[in-house]
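Novice: Dropping in final_8.tsv, which is TSV, C-alpha atoms:
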```
chain	number	residue	atom	x	y	z
A	1	MET	CA	-2.16	21.88	13.95
A	2	ALA	CA	-3.25	24.88	11.93
A	3	ILE	CA	-1.19	25.70	8.87
A	4	THR	CA	0.20	29.21	9.34
A	5	TYR	CA	2.54	29.56	6.35
A	6	GLU	CA	0.84	28.82	3.05
A	7	PRO	CA	1.88	29.21	-0.56
A	8	ILE	CA	-0.61	31.48	-2.34
A	9	SER	CA	0.82	31.51	-5.82
A	10	THR	CA	4.06	30.95	-7.66
A	11	THR	CA	5.22	32.16	-11.05
A	12	THR	CA	8.08	30.53	-12.90
A	13	LEU	CA	8.61	32.31	-16.16
A	14	SER	CA	8.74	30.07	-19.18
A	15	SER	CA	9.31	33.08	-21.42
A	16	ALA	CA	10.44	36.64	-20.91
A	17	ALA	CA	7.99	39.01	-19.26
A	18	ALA	CA	8.08	42.75	-18.64
A	19	THR	CA	5.96	42.42	-15.52
A	20	VAL	CA	4.93	39.76	-13.04
A	21	THR	CA	1.70	40.36	-11.12
A	22	PHE	CA	0.01	38.59	-8.25
A	23	SER	CA	-3.62	39.65	-8.35
A	24	SER	CA	-6.80	38.94	-6.39
A	25	ILE	CA	-4.75	38.36	-3.24
A	26	SER	CA	-7.02	37.08	-0.52
A	27	GLY	CA	-7.32	39.16	2.63
A	28	SER	CA	-7.47	36.09	4.81
A	29	TYR	CA	-3.85	36.16	5.94
A	30	THR	CA	-2.08	38.41	8.41
A	31	ASP	CA	1.14	39.05	6.51
A	32	LEU	CA	2.55	38.25	3.10
A	33	VAL	CA	6.03	37.03	2.18
A	34	LEU	CA	7.32	37.28	-1.37
A	35	VAL	CA	10.42	35.33	-2.40
A	36	MET	CA	12.02	36.30	-5.67
A	37	SER	CA	14.86	34.66	-7.57
A	38	ALA	CA	15.11	36.51	-10.84
A	39	PHE	CA	17.32	37.79	-13.61
A	40	GLY	CA	16.62	40.05	-16.55
A	41	SER	CA	17.36	40.74	-20.18
A	42	VAL	CA	19.16	44.01	-19.40
A	43	SER	CA	22.02	43.82	-16.94
A	44	GLY	CA	21.79	46.55	-14.35
A	45	ALA	CA	18.10	47.33	-14.79
A	46	ASP	CA	16.34	48.31	-11.58
A	47	ILE	CA	13.69	46.14	-9.94
A	48	ARG	CA	10.47	48.02	-9.24
A	49	VAL	CA	7.48	47.01	-7.13
A	50	GLN	CA	3.99	48.50	-7.08
A	51	VAL	CA	0.82	47.42	-5.33
A	52	ASN	CA	-2.83	47.70	-6.31
A	53	SER	CA	-1.76	49.05	-9.75
A	54	ASP	CA	-1.17	52.36	-7.98
A	55	THR	CA	1.16	54.58	-10.00
A	56	ALA	CA	0.76	57.67	-7.83
A	57	SER	CA	3.51	59.07	-5.61
A	58	ASN	CA	2.59	56.95	-2.62
A	59	TYR	CA	5.77	54.96	-2.09
A	60	SER	CA	8.80	55.62	0.10
A	61	LEU	CA	11.79	53.49	0.97
A	62	THR	CA	14.79	53.74	3.31
A	63	ARG	CA	17.80	51.56	2.61
A	64	LEU	CA	20.89	50.31	4.43
A	65	VAL	CA	23.19	49.11	1.68
A	66	GLY	CA	26.43	47.17	1.53
A	67	TYR	CA	28.31	47.80	-1.69
A	68	THR	CA	31.85	49.10	-2.02
A	69	THR	CA	31.01	51.02	1.14
A	70	ALA	CA	28.22	50.91	3.68
A	71	PHE	CA	25.66	53.65	3.18
A	72	SER	CA	22.05	54.57	3.67
A	73	ASN	CA	19.69	56.49	1.41
A	74	ARG	CA	15.99	56.92	0.87
A	75	ALA	CA	13.31	57.85	-1.61
A	76	SER	CA	10.11	59.73	-0.81
A	77	ASN	CA	6.98	60.33	-2.87
A	78	ALA	CA	8.10	57.78	-5.40
A	79	THR	CA	5.78	56.08	-7.84
A	80	TYR	CA	7.20	52.62	-7.00
A	81	TRP	CA	9.56	50.89	-4.62
A	82	GLN	CA	12.94	50.45	-6.27
A	83	ILE	CA	14.63	47.63	-4.41
A	84	THR	CA	17.87	47.60	-6.37
A	85	ASN	CA	20.46	50.21	-5.52
A	86	SER	CA	24.04	50.41	-6.80
A	87	VAL	CA	23.85	47.08	-8.59
A	88	GLY	CA	20.90	46.35	-10.83
A	89	ILE	CA	19.55	42.97	-11.76
A	90	GLY	CA	21.81	40.32	-13.24
A	91	SER	CA	21.33	39.22	-16.82
A	92	SER	CA	21.71	35.45	-16.53
A	93	SER	CA	20.99	32.47	-14.33
A	94	SER	CA	24.52	32.93	-13.04
A	95	ASP	CA	23.34	35.96	-11.09
A	96	PRO	CA	19.87	35.41	-9.67
A	97	THR	CA	18.63	37.89	-7.11
A	98	ALA	CA	17.74	36.55	-3.66
A	99	ASP	CA	14.98	38.81	-2.37
A	100	VAL	CA	12.59	38.28	0.52
A	101	ILE	CA	9.88	40.93	0.95
A	102	GLN	CA	7.49	40.97	3.91
A	103	PHE	CA	4.21	42.88	3.66
A	104	MET	CA	2.95	43.54	7.18
A	105	ASN	CA	-0.75	43.62	8.06
A	106	TYR	CA	-1.43	44.03	4.36
A	107	SER	CA	-5.18	43.62	4.38
A	108	ASN	CA	-6.26	46.11	7.02
A	109	THR	CA	-8.10	49.20	5.79
A	110	THR	CA	-7.19	51.63	8.57
A	111	THR	CA	-3.42	52.03	8.35
A	112	ASN	CA	-0.82	52.69	5.71
A	113	LYS	CA	1.19	49.62	4.72
A	114	THR	CA	4.83	48.86	5.51
A	115	ILE	CA	7.20	46.35	3.99
A	116	LEU	CA	10.59	44.92	4.94
A	117	VAL	CA	12.94	43.96	2.13
A	118	ARG	CA	16.10	41.87	2.23
A	119	HIS	CA	17.66	42.39	-1.15
A	120	ASN	CA	20.70	40.49	-2.38
A	121	GLN	CA	22.00	41.00	-5.88
A	122	PRO	CA	24.98	39.49	-7.64
A	123	GLN	CA	25.74	40.95	-11.05
A	124	SER	CA	28.83	39.74	-12.85
A	125	SER	CA	31.70	40.54	-10.46
A	126	LEU	CA	29.57	43.01	-8.52
A	127	MET	CA	27.38	42.29	-5.53
A	128	GLU	CA	25.27	44.24	-3.09
A	129	THR	CA	23.16	43.47	-0.06
A	130	ALA	CA	20.54	45.70	1.51
A	131	ALA	CA	17.95	45.88	4.23
A	132	GLN	CA	15.09	48.20	3.38
A	133	VAL	CA	11.88	49.43	4.91
A	134	GLY	CA	9.13	50.71	2.65
A	135	LEU	CA	5.88	52.57	3.16
A	136	TYR	CA	2.82	52.52	0.92
A	137	ARG	CA	0.85	55.60	1.82
A	138	SER	CA	-2.62	54.12	1.49
A	139	THR	CA	-5.11	52.52	3.84
A	140	SER	CA	-6.40	50.24	1.12
A	141	ALA	CA	-5.89	46.53	1.52
A	142	ILE	CA	-3.17	45.21	-0.78
A	143	THR	CA	-4.83	42.96	-3.31
A	144	SER	CA	-2.22	42.92	-6.06
A	145	ILE	CA	1.57	43.18	-6.32
A	146	THR	CA	3.39	43.93	-9.58
A	147	PHE	CA	7.08	43.54	-10.35
A	148	SER	CA	8.61	45.41	-13.26
A	149	LEU	CA	12.03	46.59	-14.44
A	150	SER	CA	13.37	49.97	-15.47
A	151	SER	CA	14.25	48.38	-18.81
A	152	GLY	CA	13.96	45.00	-20.44
A	153	ASN	CA	12.20	41.87	-19.25
A	154	TYR	CA	12.45	39.31	-16.53
A	155	SER	CA	14.01	36.29	-18.16
A	156	SER	CA	12.74	32.76	-18.49
A	157	GLY	CA	13.58	30.79	-15.37
A	158	SER	CA	12.92	33.66	-12.97
A	159	THR	CA	10.73	32.64	-10.04
A	160	PHE	CA	8.37	34.61	-7.81
A	161	THR	CA	6.45	32.99	-4.96
A	162	LEU	CA	3.91	34.62	-2.66
A	163	TYR	CA	3.21	33.11	0.76
A	164	GLY	CA	0.55	34.02	3.28
A	165	ILE	CA	1.11	33.93	7.04
A	166	LYS	CA	-1.80	33.58	9.39
A	167	ALA	CA	-1.88	34.73	12.96
A	168	ALA	CA	-3.33	32.37	15.54
B	169	MET	CA	-3.04	20.83	2.97
B	170	PRO	CA	0.69	20.04	2.98
B	171	THR	CA	3.03	21.64	5.46
B	172	THR	CA	4.81	24.43	3.63
B	173	TYR	CA	7.55	25.25	6.12
B	174	LYS	CA	8.99	22.00	7.39
B	175	ALA	CA	11.93	21.16	9.62
B	176	ILE	CA	14.22	18.80	7.75
B	177	ALA	CA	16.79	18.21	10.48
B	178	THR	CA	18.25	19.74	13.63
B	179	VAL	CA	21.78	19.45	14.98
B	180	THR	CA	22.52	20.18	18.63
B	181	VAL	CA	26.20	20.20	19.54
B	182	GLY	CA	27.11	17.85	22.38
B	183	SER	CA	29.42	18.22	25.35
B	184	GLY	CA	32.60	17.74	23.36
B	185	GLY	CA	31.94	20.62	20.97
B	186	ALA	CA	32.07	20.33	17.21
B	187	ALA	CA	34.31	21.76	14.51
B	188	ASN	CA	31.41	21.92	12.09
B	189	ILE	CA	27.71	21.40	11.70
B	190	GLU	CA	26.58	19.50	8.65
B	191	PHE	CA	23.36	18.51	6.92
B	192	THR	CA	23.64	15.77	4.33
B	193	SER	CA	21.32	14.00	1.89
B	194	ILE	CA	19.08	17.07	1.60
B	195	PRO	CA	16.17	16.08	-0.65
B	196	GLY	CA	15.39	18.18	-3.70
B	197	THR	CA	11.68	18.19	-2.97
B	198	TYR	CA	11.44	21.69	-1.53
B	199	THR	CA	11.59	25.07	-3.24
B	200	ASP	CA	13.78	26.98	-0.81
B	201	LEU	CA	15.95	26.18	2.20
B	202	VAL	CA	16.19	28.16	5.44
B	203	LEU	CA	18.95	27.48	7.94
B	204	LYS	CA	18.74	28.93	11.44
B	205	ILE	CA	21.82	28.77	13.67
B	206	SER	CA	22.26	29.56	17.34
B	207	GLY	CA	26.00	29.35	17.91
B	208	ARG	CA	28.92	30.16	20.19
B	209	HIS	CA	32.54	29.03	19.96
B	210	ASP	CA	35.24	28.07	22.41
B	211	THR	CA	37.98	30.68	22.07
B	212	SER	CA	38.32	34.26	23.23
B	213	SER	CA	37.80	36.40	20.15
B	214	ASP	CA	35.08	36.99	17.60
B	215	GLN	CA	35.27	34.53	14.74
B	216	GLY	CA	33.67	34.27	11.33
B	217	ILE	CA	31.33	31.45	10.47
B	218	PHE	CA	31.33	30.05	6.96
B	219	ILE	CA	29.09	27.99	4.71
B	220	LYS	CA	29.90	25.53	1.99
B	221	PHE	CA	27.60	23.56	-0.24
B	222	ASN	CA	28.19	19.99	-1.39
B	223	GLY	CA	31.59	20.13	0.28
B	224	SER	CA	32.88	22.72	-2.19
B	225	THR	CA	35.09	25.63	-1.19
B	226	SER	CA	35.25	26.93	-4.76
B	227	ASN	CA	33.20	29.59	-6.52
B	228	ARG	CA	31.87	31.22	-3.38
B	229	SER	CA	31.45	34.99	-3.11
B	230	HIS	CA	29.77	37.32	-0.69
B	231	ARG	CA	29.18	40.95	0.16
B	232	TYR	CA	28.31	42.10	3.65
B	233	VAL	CA	27.33	45.27	5.43
B	234	ALA	CA	27.91	45.36	9.17
B	235	GLY	CA	27.25	47.62	12.12
B	236	ASN	CA	28.76	47.26	15.59
B	237	GLY	CA	27.01	49.95	17.59
B	238	ALA	CA	29.54	52.59	16.58
B	239	THR	CA	30.58	52.17	12.95
B	240	THR	CA	29.44	50.54	9.74
B	241	GLU	CA	31.44	48.82	7.06
B	242	SER	CA	30.99	46.84	3.87
B	243	SER	CA	33.35	44.34	2.33
B	244	SER	CA	33.41	41.26	0.14
B	245	GLY	CA	35.21	37.95	-0.06
B	246	THR	CA	35.25	34.41	-1.38
B	247	ASP	CA	35.39	32.29	1.75
B	248	GLY	CA	31.69	31.63	2.31
B	249	TYR	CA	31.38	34.12	5.18
B	250	ILE	CA	27.89	34.29	6.67
B	251	GLY	CA	28.60	36.39	9.75
B	252	SER	CA	30.45	36.24	13.02
B	253	ILE	CA	29.96	34.59	16.38
B	254	GLN	CA	31.51	35.20	19.76
B	255	GLY	CA	33.21	32.90	22.22
B	256	THR	CA	34.51	33.11	25.78
B	257	ASN	CA	35.07	36.83	25.31
B	258	ALA	CA	31.31	37.38	25.29
B	259	THR	CA	28.66	37.44	27.98
B	260	ALA	CA	28.25	33.95	29.42
B	261	SER	CA	25.49	31.77	28.05
B	262	THR	CA	24.97	34.14	25.12
B	263	PHE	CA	24.64	32.55	21.70
B	264	ASN	CA	24.62	34.38	18.38
B	265	ASN	CA	21.95	34.00	15.72
B	266	THR	CA	22.16	33.50	11.99
B	267	GLU	CA	19.55	32.88	9.30
B	268	VAL	CA	20.45	31.78	5.78
B	269	TYR	CA	17.70	31.84	3.12
B	270	ILE	CA	18.51	29.95	-0.08
B	271	PRO	CA	15.90	30.27	-2.86
B	272	ASN	CA	15.77	27.64	-5.61
B	273	TYR	CA	18.47	25.50	-4.00
B	274	ALA	CA	17.70	22.55	-6.28
B	275	SER	CA	17.62	24.49	-9.56
B	276	SER	CA	20.31	24.57	-12.21
B	277	ASN	CA	20.84	28.30	-11.63
B	278	ASN	CA	23.69	29.56	-9.50
B	279	LYS	CA	22.69	29.73	-5.84
B	280	SER	CA	22.16	33.16	-4.29
B	281	SER	CA	21.41	33.50	-0.61
B	282	SER	CA	20.21	36.10	1.87
B	283	ILE	CA	21.85	36.04	5.30
B	284	ASP	CA	21.17	37.88	8.57
B	285	ASN	CA	23.54	37.51	11.53
B	286	VAL	CA	23.71	39.09	14.97
B	287	THR	CA	26.11	38.83	17.91
B	288	GLU	CA	24.29	40.73	20.61
B	289	ASN	CA	26.35	40.91	23.79
B	290	ASN	CA	26.25	42.84	27.06
B	291	ALA	CA	29.46	44.70	26.30
B	292	THR	CA	30.67	47.60	24.20
B	293	THR	CA	30.69	45.84	20.87
B	294	ALA	CA	28.27	43.53	19.13
B	295	TYR	CA	27.67	43.04	15.45
B	296	GLN	CA	24.83	42.91	13.01
B	297	ASN	CA	25.74	41.54	9.61
B	298	LEU	CA	23.64	41.50	6.44
B	299	VAL	CA	25.22	39.27	3.83
B	300	ALA	CA	24.54	38.44	0.18
B	301	GLY	CA	25.99	35.08	-0.78
B	302	LEU	CA	26.53	33.40	-4.12
B	303	TRP	CA	27.70	29.90	-4.95
B	304	SER	CA	28.42	29.87	-8.66
B	305	ASN	CA	27.49	26.29	-9.33
B	306	SER	CA	24.54	24.76	-11.15
B	307	ALA	CA	24.34	21.62	-9.00
B	308	ALA	CA	21.45	21.06	-6.63
B	309	ILE	CA	22.47	21.63	-3.03
B	310	THR	CA	22.46	18.32	-1.19
B	311	THR	CA	24.87	19.07	1.66
B	312	VAL	CA	25.30	22.17	3.81
B	313	THR	CA	28.30	22.54	6.11
B	314	ILE	CA	28.90	25.32	8.64
B	315	THR	CA	32.37	25.91	10.05
B	316	VAL	CA	33.75	28.41	12.53
B	317	GLY	CA	37.00	30.36	12.59
B	318	ASN	CA	40.23	29.10	11.10
B	319	GLY	CA	39.83	25.45	11.98
B	320	THR	CA	41.10	25.66	15.54
B	321	GLN	CA	37.75	26.73	17.01
B	322	ASN	CA	34.74	24.59	17.82
B	323	PHE	CA	31.06	25.24	18.26
B	324	VAL	CA	30.35	24.79	21.96
B	325	GLN	CA	27.75	22.55	23.55
B	326	TYR	CA	24.16	23.68	23.05
B	327	SER	CA	24.91	25.37	19.75
B	328	THR	CA	22.04	24.41	17.47
B	329	ALA	CA	21.20	24.54	13.79
B	330	THR	CA	17.93	23.65	12.10
B	331	LEU	CA	17.42	23.27	8.39
B	332	TYR	CA	13.93	23.97	7.06
B	333	GLY	CA	12.46	23.28	3.66
B	334	ILE	CA	9.82	25.55	2.13
B	335	LYS	CA	7.46	24.34	-0.59
B	336	ASN	CA	5.71	26.67	-2.99
B	337	SER	CA	2.79	24.34	-3.56
```
The structure in this file should be written as structure tokens.

Specialist:
Amino acid sequence: MAITYEPISTTTLSSAAATVTFSSISGSYTDLVLVMSAFGSVSGADIRVQVNSDTASNYSLTRLVGYTTAFSNRASNATYWQITNSVGIGSSSSDPTADVIQFMNYSNTTTNKTILVRHNQPQSSLMETAAQVGLYRSTSAITSITFSLSSGNYSSGSTFTLYGIKAA
Amino acid sequence: MPTTYKAIATVTVGSGGAANIEFTSIPGTYTDLVLKISGRHDTSSDQGIFIKFNGSTSNRSHRYVAGNGATTESSSGTDGYIGSIQGTNATASTFNNTEVYIPNYASSNNKSSSIDNVTENNATTAYQNLVAGLWSNSAAITTVTITVGNGTQNFVQYSTATLYGIKNS
């Protein structure tokens, strides 16, 4: 039987890092899945995601969020995807994020790229959950993914794993 | 190449129904766990379904956002809620779906989870629930138990749950 769900790379931080990057991503899969369990040095900092080191205003995101109320919002022409909302990242291993991000048809060179994000964030006594859809307005294949924070570092013990899914 | 996404065990509820579905002796050899549930219960109103790890009902918290075709809501709690399922009030032979994703289940960090739940039904009301879960405990998860309602309900025959392990290498 063909293997359809393969680990590409995993990063477990042994020391604090301002960014985590998966680079030289092979185009041999159909979709990518990124699983993130992380916490940071600054409680409440926002998690940001960019691809292909692109810092231009090519990112948009629409969110359905559960916090103290249910609400939806969006960002257009952003320079990154911000996947935290009302509650930023937790600052200890007591509050790891549980994020699963799917990058659809990431390696084609004819269409813009979409992502689906399930974001779950405890932070002290706060907690939020969100479903998000993002657009990267570029036809370039995604070959790198970078995670950063609005302030501080990802802490030691944070984990990021990238999987590739192959179609038949 | 090793299999990355592997079925650890499946439970299919038999003709007598079952008050809970449980997976025990979960090895710590995977990176993440994924639990997929297809469930229905035996009474006539929507009921919550709940998760506990290692038999513990302590230190659980969650936040959900839900839509029912007409309204949305968000709330929180400490009972291990992972969504709702329907019973005899719902369209016959219709089972409700739930997925629970648990990263780093064997680590010494607290255990966050990402949960999606739906109760589609050929009637006026069905629910979609998105849930963030947290079990504030540093122990590796070795047992997962799913219960329904307040203890008087049972999962009906043909309800199924499969636990998968995902390896990052």

Novice: Can you work out which one of B:Ala291, B:Ile250, B:Ala187, B:Ile334 has the shortest atom-to-atom distance to His230 of chain B, counting only C-alpha atoms?

Specialist: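 Closest candidate: B:Ile250.
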
Novice: Do you have the atom CA of Ser94 of chain A-atom CA of Asp46 of chain A distance handy?

Specialist: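 Here the two named atoms are 17.5 Å from each other.
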
Novice: From the list A:Ser23, A:Ser158, A:Ser93, A:Ser28, which residue is nearest Ser276 of chain B when using only C-alpha atoms?

Specialist: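 So, comparing all the options, the nearest one is A:Ser93.
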
Novice: Using only C-alpha atoms, what table do you get, as a Markdown table, when you list each residue of segment 109-138 of chain A with an atom no more than 9 Å from segment 65-71 of chain A, its nearest pair of atoms, and their distance in Å rounded to one decimal, rows by chain then rising number?

Specialist:
```
| residue | atom | partner | partner_atom | distance |
| --- | --- | --- | --- | --- |
| A:Leu126 | CA | A:Tyr67 | CA | 8.4 |
| A:Met127 | CA | A:Tyr67 | CA | 6.8 |
| A:Glu128 | CA | A:Tyr67 | CA | 4.9 |
| A:Thr129 | CA | A:Gly66 | CA | 5.2 |
| A:Ala130 | CA | A:Val65 | CA | 4.3 |
| A:Ala131 | CA | A:Val65 | CA | 6.7 |
| A:Gln132 | CA | A:Val65 | CA | 8.3 |
```

Novice: Which polymer residues, protein or nucleic acid, are no farther than 12 Å from (30.2, 15.5, 28.7), counting only C-alpha atoms, as JSON, numbers by chain?

Specialist: {"B": [181, 182, 183, 184, 185, 324, 325, 326]}

Novice: Which neighbours of Thr197 of chain B fall inside 12 Å, counting all atoms listed in the file, when residues of the same chain fewer than 4 positions from it are skipped, and could you give them as a ChimeraX atom specification?

Specialist: /B:172,174,176,193,201,272-275,308-310,332-337

Novice: When you look at segment 72-87 of chain A with a cut-off of 9 Å (counting all atoms listed in the file), what residues show up, excluding the ones that are within fewer than 6 positions of it in the same chain? I need them as an NGL selection string.

Specialist: :A and (44-51 or 54-66 or 117-123 or 126-128 or 130 or 132 or 134-136)

Novice: Determine, using only C-alpha atoms, which residues of chain B have any atom at most 8 Å from an atom of chain A, and tabulate each with its shortest atom pair and distance in Å to one decimal place, rows ordered by chain and then rising number, as JSON lines.

Specialist:
```
{"residue": "B:Met169", "atom": "CA", "partner": "A:Ile3", "partner_atom": "CA", "distance": 7.9}
{"residue": "B:Thr171", "atom": "CA", "partner": "A:Ile3", "partner_atom": "CA", "distance": 6.8}
{"residue": "B:Thr172", "atom": "CA", "partner": "A:Glu6", "partner_atom": "CA", "distance": 5.9}
{"residue": "B:Tyr173", "atom": "CA", "partner": "A:Tyr5", "partner_atom": "CA", "distance": 6.6}
{"residue": "B:His230", "atom": "CA", "partner": "A:Met127", "partner_atom": "CA", "distance": 7.3}
{"residue": "B:Arg231", "atom": "CA", "partner": "A:Glu128", "partner_atom": "CA", "distance": 6.1}
{"residue": "B:Tyr232", "atom": "CA", "partner": "A:Gly66", "partner_atom": "CA", "distance": 5.8}
{"residue": "B:Val233", "atom": "CA", "partner": "A:Gly66", "partner_atom": "CA", "distance": 4.4}
{"residue": "B:Ala234", "atom": "CA", "partner": "A:Ala70", "partner_atom": "CA", "distance": 7.8}
{"residue": "B:Thr240", "atom": "CA", "partner": "A:Ala70", "partner_atom": "CA", "distance": 6.2}
{"residue": "B:Glu241", "atom": "CA", "partner": "A:Ala70", "partner_atom": "CA", "distance": 5.1}
{"residue": "B:Ser242", "atom": "CA", "partner": "A:Ala70", "partner_atom": "CA", "distance": 4.9}
{"residue": "B:Ser243", "atom": "CA", "partner": "A:Thr68", "partner_atom": "CA", "distance": 6.6}
{"residue": "B:Ile270", "atom": "CA", "partner": "A:Ala98", "partner_atom": "CA", "distance": 7.5}
{"residue": "B:Pro271", "atom": "CA", "partner": "A:Ser37", "partner_atom": "CA", "distance": 6.5}
{"residue": "B:Asn272", "atom": "CA", "partner": "A:Ser37", "partner_atom": "CA", "distance": 7.3}
{"residue": "B:Asn277", "atom": "CA", "partner": "A:Ser93", "partner_atom": "CA", "distance": 5.0}
{"residue": "B:Asn278", "atom": "CA", "partner": "A:Ser94", "partner_atom": "CA", "distance": 5.0}
{"residue": "B:Lys279", "atom": "CA", "partner": "A:Pro96", "partner_atom": "CA", "distance": 7.4}
{"residue": "B:Ser280", "atom": "CA", "partner": "A:Ala98", "partner_atom": "CA", "distance": 5.6}
{"residue": "B:Ser281", "atom": "CA", "partner": "A:Ala98", "partner_atom": "CA", "distance": 5.7}
{"residue": "B:Ser282", "atom": "CA", "partner": "A:Ala98", "partner_atom": "CA", "distance": 6.1}
{"residue": "B:Leu298", "atom": "CA", "partner": "A:Thr129", "partner_atom": "CA", "distance": 6.8}
{"residue": "B:Val299", "atom": "CA", "partner": "A:Thr129", "partner_atom": "CA", "distance": 6.1}
{"residue": "B:Ala300", "atom": "CA", "partner": "A:Asn120", "partner_atom": "CA", "distance": 5.0}
{"residue": "B:Gly301", "atom": "CA", "partner": "A:Asn120", "partner_atom": "CA", "distance": 7.7}
{"residue": "B:Leu302", "atom": "CA", "partner": "A:Pro122", "partner_atom": "CA", "distance": 7.2}
{"residue": "B:Ser304", "atom": "CA", "partner": "A:Ser94", "partner_atom": "CA", "distance": 6.6}
{"residue": "B:Lys335", "atom": "CA", "partner": "A:Pro7", "partner_atom": "CA", "distance": 7.4}
{"residue": "B:Asn336", "atom": "CA", "partner": "A:Pro7", "partner_atom": "CA", "distance": 5.2}
{"residue": "B:Ser337", "atom": "CA", "partner": "A:Pro7", "partner_atom": "CA", "distance": 5.8}
```

Novice: Measure the distance from atom CA of Ala141 of chain A to atom CA of Ala168 of chain A in Å and round it to one decimal.

Specialist: 20.1 Å

Novice: From the list A:Ser124, A:Thr19, A:Thr139, A:Ser24, which residue is nearest Ser229 of chain B when using all atoms listed in the file?

Specialist: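 So, comparing all the options, the nearest one is A:Ser124.
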
Novice: Can you tell me, as a ChimeraX atom specification, which residues sit within 8 Å of (-3.3, 45.5, 6.8) in the file's frame, using all atoms listed in the file?

Specialist: /A:30-31,104-113,139,141-142

Novice: To one decimal place, how far is atom CA of Gly255 of chain B from atom CA of Glu267 of chain B in Å?

Specialist: 18.8 Å

Novice: If the box runs along x, y and z of the file and leaves 3 Å on each side of segment 247-266 of chain B, what are its centre and edge lengths in Å, one decimal, as AutoDock Vina command-line options?

Specialist:
```
--center_x 28.7 --center_y 34.5 --center_z 15.6 --size_x 19.4 --size_y 11.8 --size_z 33.7
```

Novice: Find the residues near segment 213-219 of chain B: any atom within 6 Å, counting only C-alpha atoms, skip ones fewer than 5 places away on the same chain, and give them as an MDAnalysis selection string.

Specialist: chainID B and resid 248:254 257 313:317

Novice: Can you put N, CA and C atoms back into segment 233-245 of chain B and show it as a PDB file, in the frame of the given file?

Specialist:
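Dumped everything to part32.pdb:
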```pdb
ATOM      1  N   VAL B 233      27.337  43.969   4.771  1.00  0.00           N
ATOM      2  CA  VAL B 233      27.330  45.270   5.430  1.00  0.00           C
ATOM      3  C   VAL B 233      27.127  44.990   6.904  1.00  0.00           C
ATOM      4  N   ALA B 234      27.910  45.672   7.745  1.00  0.00           N
ATOM      5  CA  ALA B 234      27.910  45.360   9.170  1.00  0.00           C
ATOM      6  C   ALA B 234      27.874  46.643   9.996  1.00  0.00           C
ATOM      7  N   GLY B 235      27.233  46.544  11.138  1.00  0.00           N
ATOM      8  CA  GLY B 235      27.250  47.620  12.120  1.00  0.00           C
ATOM      9  C   GLY B 235      27.575  47.043  13.480  1.00  0.00           C
ATOM     10  N   ASN B 236      28.341  47.804  14.286  1.00  0.00           N
ATOM     11  CA  ASN B 236      28.760  47.260  15.590  1.00  0.00           C
ATOM     12  C   ASN B 236      28.366  48.156  16.765  1.00  0.00           C
ATOM     13  N   GLY B 237      27.418  49.032  16.533  1.00  0.00           N
ATOM     14  CA  GLY B 237      27.010  49.950  17.590  1.00  0.00           C
ATOM     15  C   GLY B 237      27.719  51.279  17.517  1.00  0.00           C
ATOM     16  N   ALA B 238      28.794  51.341  16.713  1.00  0.00           N
ATOM     17  CA  ALA B 238      29.540  52.590  16.580  1.00  0.00           C
ATOM     18  C   ALA B 238      29.849  52.926  15.126  1.00  0.00           C
ATOM     19  N   THR B 239      30.192  51.936  14.342  1.00  0.00           N
ATOM     20  CA  THR B 239      30.580  52.170  12.950  1.00  0.00           C
ATOM     21  C   THR B 239      29.896  51.164  12.037  1.00  0.00           C
ATOM     22  N   THR B 240      29.930  51.480  10.740  1.00  0.00           N
ATOM     23  CA  THR B 240      29.440  50.540   9.740  1.00  0.00           C
ATOM     24  C   THR B 240      30.556  50.264   8.738  1.00  0.00           C
ATOM     25  N   GLU B 241      30.472  49.144   8.089  1.00  0.00           N
ATOM     26  CA  GLU B 241      31.440  48.820   7.060  1.00  0.00           C
ATOM     27  C   GLU B 241      30.803  47.872   6.058  1.00  0.00           C
ATOM     28  N   SER B 242      31.399  47.799   4.875  1.00  0.00           N
ATOM     29  CA  SER B 242      30.990  46.840   3.870  1.00  0.00           C
ATOM     30  C   SER B 242      32.227  46.264   3.218  1.00  0.00           C
ATOM     31  N   SER B 243      32.211  44.976   2.980  1.00  0.00           N
ATOM     32  CA  SER B 243      33.350  44.340   2.330  1.00  0.00           C
ATOM     33  C   SER B 243      32.860  43.084   1.621  1.00  0.00           C
ATOM     34  N   SER B 244      33.768  42.451   0.894  1.00  0.00           N
ATOM     35  CA  SER B 244      33.410  41.260   0.140  1.00  0.00           C
ATOM     36  C   SER B 244      34.511  40.222   0.288  1.00  0.00           C
ATOM     37  N   GLY B 245      34.222  39.014  -0.150  1.00  0.00           N
ATOM     38  CA  GLY B 245      35.210  37.950  -0.060  1.00  0.00           C
ATOM     39  C   GLY B 245      34.740  36.708  -0.786  1.00  0.00           C
TER      40      GLY B 245
END
```
